[in-house]
file protein_13.txt (compact mmCIF, C-alpha atoms)
# COMPACT_ATOMS: atom_id res chain seq x y z
CA MET A 1 97.39 98.37 49.13
CA MET A 2 98.46 96.39 46.13
CA ASP A 3 99.74 92.82 46.40
CA ILE A 4 102.28 91.67 43.85
CA HIS A 5 102.87 87.96 43.59
CA VAL A 6 106.07 86.92 41.90
CA GLU A 7 105.92 83.37 40.61
CA GLY A 8 109.01 83.40 38.45
CA ASP A 9 111.68 85.53 36.91
CA GLU A 10 109.53 86.17 33.80
CA PHE A 11 107.02 88.28 35.71
CA ALA A 12 109.78 90.28 37.46
CA GLU A 13 111.51 91.04 34.16
CA ASP A 14 108.22 92.09 32.51
CA HIS A 15 107.42 94.32 35.47
CA VAL A 16 110.86 95.97 35.36
CA GLN A 17 110.51 96.50 31.59
CA LYS A 18 107.12 98.21 32.05
CA ILE A 19 108.57 100.54 34.67
CA LYS A 20 111.48 101.42 32.37
CA GLU A 21 109.06 102.23 29.51
CA LYS A 22 107.08 104.59 31.71
CA ALA A 23 110.20 106.42 32.91
CA THR A 24 111.31 109.34 30.78
CA ARG A 25 114.98 109.87 30.13
CA ARG A 26 116.20 113.25 31.16
CA ARG A 27 119.55 114.72 30.33
CA GLY A 28 121.52 117.72 31.49
CA ARG A 29 120.79 120.61 33.78
CA GLY A 30 117.18 121.39 34.40
CA PHE A 31 115.93 118.60 32.17
CA ASN A 32 115.06 121.05 29.39
CA GLN A 33 114.60 118.76 26.39
CA VAL A 34 112.52 121.08 24.21
CA ASN A 35 115.30 123.52 23.43
CA GLU A 36 118.53 122.98 25.30
CA ASN A 37 119.97 126.34 24.19
CA GLN A 38 116.99 128.34 25.43
CA GLU A 39 117.67 130.68 28.37
CA THR A 40 115.52 130.21 31.42
CA ILE A 41 113.50 133.10 32.80
CA GLU A 42 115.81 133.20 35.81
CA ASP A 43 118.85 133.66 33.55
CA ARG A 44 117.24 136.58 31.69
CA THR A 45 116.03 138.46 34.75
CA ALA A 46 118.90 137.76 37.15
CA GLU A 47 120.88 140.69 38.51
CA TYR A 48 124.57 140.12 38.97
CA GLU A 49 127.01 141.99 41.14
CA ALA A 50 129.18 144.10 38.85
CA MET A 51 132.94 144.16 38.96
CA GLU A 52 134.66 147.47 39.54
CA GLU A 53 135.10 149.47 36.37
CA GLU A 54 138.58 149.09 34.97
CA SER A 55 140.25 152.39 34.23
CA ASP A 56 143.55 153.44 32.72
CA GLU A 57 144.63 155.19 35.90
CA THR A 58 147.29 153.54 38.00
CA GLY A 59 147.90 153.76 41.70
CA PRO A 60 146.87 152.14 44.96
CA LYS A 61 143.71 150.08 45.16
CA ARG A 62 141.69 149.49 48.29
CA SER A 63 141.22 145.92 49.39
CA ILE A 64 137.88 144.81 50.79
CA GLU A 65 139.07 145.49 54.33
CA GLY A 66 141.25 148.58 53.96
CA TRP A 67 144.49 149.98 52.54
CA ILE A 68 147.27 147.40 52.69
CA LEU A 69 151.00 148.08 52.52
CA PHE A 70 153.49 145.43 51.47
CA VAL A 71 156.74 145.76 53.45
CA THR A 72 159.79 143.80 52.26
CA GLY A 73 163.36 143.48 53.46
CA ILE A 74 162.40 142.86 57.08
CA GLN A 75 165.18 141.34 59.17
CA GLU A 76 164.27 137.71 59.95
CA GLU A 77 164.58 138.05 63.74
CA SER A 78 162.27 141.09 63.92
CA THR A 79 159.16 140.90 66.07
CA GLU A 80 155.66 142.17 65.42
CA ASP A 81 156.33 145.09 67.79
CA ASP A 82 159.49 146.02 65.85
CA ILE A 83 157.29 146.59 62.79
CA ALA A 84 154.05 147.76 64.40
CA THR A 85 155.67 150.48 66.54
CA PRO A 86 157.13 152.66 63.76
CA PHE A 87 154.16 152.05 61.42
CA GLY A 88 151.71 152.78 64.25
CA ASP A 89 152.99 156.39 64.36
CA PHE A 90 151.03 157.07 61.15
CA GLY A 91 147.64 155.85 62.31
CA MET A 92 145.71 152.96 63.74
CA ILE A 93 146.95 149.66 62.30
CA LYS A 94 143.88 147.58 61.58
CA ASN A 95 145.81 144.37 60.93
CA ILE A 96 149.40 143.24 60.60
CA HIS A 97 150.45 139.95 59.07
CA LEU A 98 153.95 138.51 59.40
CA ASN A 99 154.69 135.23 57.64
CA ILE A 100 156.91 132.87 59.61
CA ASP A 101 158.99 130.13 58.05
CA ARG A 102 157.88 126.87 59.71
CA ARG A 103 161.25 125.23 59.25
CA THR A 104 163.39 127.99 60.82
CA GLY A 105 160.83 129.79 62.99
CA TYR A 106 162.02 133.15 61.64
CA LEU A 107 160.15 135.72 59.57
CA LYS A 108 160.15 135.24 55.83
CA GLY A 109 161.18 138.87 55.34
CA TYR A 110 157.91 140.59 54.51
CA ALA A 111 154.81 141.91 56.22
CA LEU A 112 151.35 143.11 55.24
CA ILE A 113 150.15 146.14 57.20
CA GLU A 114 146.53 147.29 56.90
CA TYR A 115 145.20 150.76 57.63
CA GLU A 116 141.56 151.86 57.57
CA SER A 117 142.26 155.22 55.91
CA PHE A 118 144.11 155.94 52.69
CA ASN A 119 145.95 158.97 54.12
CA GLU A 120 147.37 156.98 57.04
CA ALA A 121 148.64 154.29 54.70
CA LYS A 122 150.02 156.82 52.21
CA ASN A 123 151.87 158.74 54.95
CA ALA A 124 153.34 155.50 56.31
CA LEU A 125 154.44 154.42 52.83
CA ASN A 126 156.12 157.76 52.06
CA ALA A 127 157.84 158.02 55.45
CA MET A 128 158.93 154.40 55.95
CA ASN A 129 160.04 153.41 52.43
CA GLY A 130 163.83 153.06 52.53
CA LYS A 131 164.09 153.32 56.34
CA GLU A 132 165.89 150.80 58.52
CA ILE A 133 164.30 148.42 61.01
CA ASN A 134 166.71 146.33 63.12
CA GLY A 135 169.63 147.41 60.94
CA GLN A 136 168.06 146.32 57.65
CA GLN A 137 166.64 148.63 54.99
CA ILE A 138 162.97 148.00 54.19
CA ALA A 139 160.94 148.75 51.09
CA VAL A 140 157.27 149.73 51.36
CA SER A 141 154.74 149.56 48.52
CA TRP A 142 151.02 149.14 48.00
CA ALA A 143 149.84 145.53 48.20
CA PHE A 144 147.10 146.17 45.61
CA VAL A 145 147.44 148.52 42.66
CA LYS A 146 145.31 149.52 39.69
CA GLY A 147 146.75 149.20 36.22
CA PRO A 148 149.93 147.49 35.02
CA LEU A 149 152.84 147.12 37.39
CA LYS A 150 155.90 149.23 36.69
CA GLU A 151 159.03 147.34 35.67
CA ARG A 152 161.52 147.39 38.53
CA LYS A 153 165.12 148.34 37.87
CA GLY A 154 167.32 145.29 38.03
CA SER A 155 164.41 142.90 37.55
CA HIS A 156 165.46 139.29 37.15
CA LYS A 157 162.52 138.39 34.92
CA HIS A 158 164.06 139.49 31.63
CA ASN A 159 167.77 139.19 32.42
CA HIS A 160 168.73 135.67 31.37
CA HIS A 161 172.49 135.07 31.67
call {"tool": "encode", "arguments": {"input": "protein_13.txt", "output": "structure tokens"}}
result
Amino acid sequence: MMDIHVEGDEFAEDHVQKIKEKATRRRGRGFNQVNENQETIEDRTAEYEAMEEESDETGPKRSIEGWILFVTGIQEESTEDDIATPFGDFGMIKNIHLNIDRRTGYLKGYALIEYESFNEAKNALNAMNGKEINGQQIAVSWAFVKGPLKERKGSHKHNHH
């Protein structure tokens, strides 16, 4: 064990200065001072998960969980059963999400319905689009699609009056 005797501030300042001289300054990530632009071995050999190939085809796209339909125009006082019952005729509903307005306690007018299989979701979309639930006409579309979205008739985006 080493004993350090401090008699005055001079010795303490000299000691601190010696420690600072011995310390090397390091900057940036990984402390690579030789060539900061040089790739590390890990960067060159790393394998990254690839994104899905983008294609020109359009149409429905599967989410991570399944095939999700976006249902709009739902009457605000509808219940989960009012939506799940008719959509359940086309296959097993994996998940249904109804957004509720916190202020009013009513539905916000849309739902997300998830099916495991593409055919079940497609059949539900084709059969239920334009139908009525609780006296209000609904619209059904894919929640995720490949390619550019089609311009809707009567869109408010480009009609500035």
call {"tool": "axis_aligned_box", "arguments": {"input": "protein_13.txt", "around": "range 124-134 of chain A", "padding_each_side": "8 Å", "output": "AutoDock Vina command-line options"}}
result
--center_x 160.0 --center_y 152.2 --center_z 57.6 --size_x 29.4 --size_y 27.7 --size_z 27.1
call {"tool": "closest_residue", "arguments": {"input": "protein_13.txt", "among": "A:Glu65, A:Asp101, A:Asp89, A:Glu21", "to": "Glu77 in chain A", "atoms": "all atoms listed in the file"}}
result
A:Asp101
call {"tool": "residues_around", "arguments": {"input": "protein_13.txt", "residues": "Asn134 in chain A", "least_positions_apart": "3", "cutoff": "8 Å", "atoms": "all atoms listed in the file", "output": "PDB file with C-alpha atoms, in the frame of the given file"}}
result
ATOM      1  CA  GLN A  75     165.180 141.340  59.170  1.00  0.00           C
ATOM      2  CA  SER A  78     162.270 141.090  63.920  1.00  0.00           C
ATOM      3  CA  ASP A  82     159.490 146.020  65.850  1.00  0.00           C
TER       4      ASP A  82
END
call {"tool": "atom_distance", "arguments": {"input": "protein_13.txt", "atom1": "CA of Val145 in chain A", "atom2": "CA of Pro86 in chain A"}}
result
23.6 Å
call {"tool": "atom_distance", "arguments": {"input": "protein_13.txt", "atom1": "CA of Met92 in chain A", "atom2": "CA of Ala127 in chain A"}}
result
15.5 Å
call {"tool": "residues_around", "arguments": {"input": "protein_13.txt", "residues": "His97 in chain A", "least_positions_apart": "4", "cutoff": "12 Å", "atoms": "only C-alpha atoms", "output": "ChimeraX atom specification"}}
result
/A:68-71,79-81,83-84,93,107-114
call {"tool": "atom_distance", "arguments": {"input": "protein_13.txt", "atom1": "CA of Gly91 in chain A", "atom2": "CA of Ser141 in chain A"}}
result
16.7 Å
call {"tool": "closest_residue", "arguments": {"input": "protein_13.txt", "among": "A:Ala23, A:Glu13, A:Trp67, A:Glu76", "to": "Phe144 in chain A", "atoms": "all atoms listed in the file"}}
result
A:Trp67
call {"tool": "closest_residue", "arguments": {"input": "protein_13.txt", "among": "A:Lys22, A:Arg62, A:Trp142, A:Asp14", "to": "Asn129 in chain A", "atoms": "only C-alpha atoms"}}
result
A:Trp142
